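Asks: Before I ask anything, here is the structure I am working with.
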Amino acid sequence: MRKHWILYSVLTLTACGPSDRCEAPPQPKLLSVANLTLDQKADAMGVPPSQVPQDAVGGPAFDAYVGRHNAAVQVGYCVENEAYKARVMKDEMSTVARAVMATCKESNEADTLATVLKYRNCAAGNK
């Protein structure tokens with residue numbers, strides 16, 4: 001009898017509360033030239049990590065790399081955030097994805113649609 005009581009209490013607790021347990025995406029941390037790792041410096045310079053000079057601290061290649069990285073991170077955050085906000089909309093997913101793409105100036109429809117689906121599933125209680 002005790003096992004049935006424990007099972008009943010677990011089922012009751014899982015049924016309580018809102019089904020939307022999605023969390024807003026965290027604000028991304030932007031990269032700066034001063035915080036580049038050795039691998040990131042190598043990527044920026046287009047050389048293997050072993051060929052990065054010890055005194056490499058800046059330059060146009062690093063600035064361009066940081067700019068591209070930060071732009072990509074901001075677009076990704078925009079898509080995640082807009083998909084999170086639209087998670088309970090009843091419109092077709094492709095319509096929501098196109099709206100998110102227009103808002104964030106994103107052109108990758110497949111990834112945007114996947115992000116919208118992820119948050120819509122989360123809002124429905126699916127994982």
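Naming scheme: A, B, ... for chains in displayed order of the structure tokens; residues 1 onward per chain; ligands 1 onward as shown.
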Write out, as a Markdown table, each residue of segment 19-98 of chain A that has an atom at most 9 Å from segment 111-125 of chain A, together with the closest pair of atoms and their distance in Å to one decimal, counting only C-alpha atoms, rows going by chain and rising number.

Replies:
| residue | atom | partner | partner_atom | distance |
| --- | --- | --- | --- | --- |
| A:Ser19 | CA | A:Gly125 | CA | 5.3 |
| A:Asp20 | CA | A:Ala123 | CA | 4.5 |
| A:Arg21 | CA | A:Ala123 | CA | 6.7 |
| A:Cys22 | CA | A:Cys122 | CA | 5.7 |
| A:Val79 | CA | A:Thr112 | CA | 6.7 |
| A:Glu80 | CA | A:Thr115 | CA | 6.6 |
| A:Glu82 | CA | A:Val116 | CA | 8.5 |
| A:Ala83 | CA | A:Val116 | CA | 4.9 |
| A:Tyr84 | CA | A:Tyr119 | CA | 5.7 |
| A:Lys85 | CA | A:Tyr119 | CA | 8.8 |
| A:Ala86 | CA | A:Val116 | CA | 7.7 |
| A:Arg87 | CA | A:Arg120 | CA | 4.6 |
| A:Val88 | CA | A:Arg120 | CA | 6.4 |
| A:Met89 | CA | A:Arg120 | CA | 8.4 |
| A:Met93 | CA | A:Val116 | CA | 6.9 |
| A:Ser94 | CA | A:Leu113 | CA | 6.7 |
| A:Val96 | CA | A:Val116 | CA | 7.5 |
| A:Ala97 | CA | A:Leu113 | CA | 5.2 |
| A:Arg98 | CA | A:Thr112 | CA | 8.2 |

Asks: Would you pick out the contacts of Ala72 of chain A at 12 Å or less, using only C-alpha atoms, so that residues sharing its chain but fewer than 6 positions from it are not included, and give the list as a count of residues only?

Replies: 11

Asks: With DSSP run on the backbone, what are the alpha helix (DSSP H) residues within chain A? I'd like them as a PyMOL selection string.

Replies: chain A and resi 2-15+38-45+60-85+93-104+109-123

Asks: Restricting the calculation to only C-alpha atoms: of A:Leu36, A:Val100, A:Val52, A:Val47, which residue gets closest to Gly76 of chain A?

Replies: A:Val100

Asks: Point out the residue among A:Glu109, A:Ala61, A:Gln74, A:Pro25 with the least atom-to-atom distance to Ala42 of chain A, counting only C-alpha atoms.

Replies: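 With only C-alpha atoms as the atom set, the closest residue is A:Ala61.
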
Asks: Tell me, as a tab-separated table (two decimals) with C-alpha atoms, in the first residue's frame, which residues lie within 10 Å of Leu38 of chain A, counting only C-alpha atoms; anything in the same chain fewer than 3 positions away does not count.

Replies:
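Result file is around05.tsv:
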chain	number	residue	atom	x	y	z
A	35	ASN	CA	40.09	37.89	-24.06
A	41	LYS	CA	43.94	33.95	-32.20
A	42	ALA	CA	45.07	31.15	-34.49
A	43	ASP	CA	41.65	31.09	-36.19
A	44	ALA	CA	41.75	34.86	-36.64
A	48	PRO	CA	47.96	26.70	-36.50
A	49	PRO	CA	48.13	27.58	-32.78
A	50	SER	CA	51.83	26.72	-32.70
A	52	VAL	CA	50.82	32.33	-33.20
A	53	PRO	CA	53.43	34.83	-31.97
A	54	GLN	CA	53.71	35.24	-28.19
A	56	ALA	CA	50.11	38.84	-30.66

Asks: Provide the atom CA of Tyr77 of chain A to atom CA of Val57 of chain A distance in Å, to one decimal place.

Replies: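 About the pair atom CA of Tyr77 of chain A and atom CA of Val57 of chain A: they are 27.8 Å apart.
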
Asks: Compare A:Thr95, A:Val73, A:Asn81, A:Asn126 by their minimum atom-to-atom distance to Ala24 of chain A, counting only C-alpha atoms, and give me the closest one.

Replies: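 Among A:Thr95, A:Val73, A:Asn81, A:Asn126, it is A:Asn81 that comes nearest to Ala24 of chain A.
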
Asks: Quick one: of A:Asp55, A:Gly46, A:Ser32, A:Asn108, who's nearest to His69 of chain A, counting only C-alpha atoms?

Replies: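 Of the candidates, the smallest distance to His69 of chain A is held by A:Ser32.
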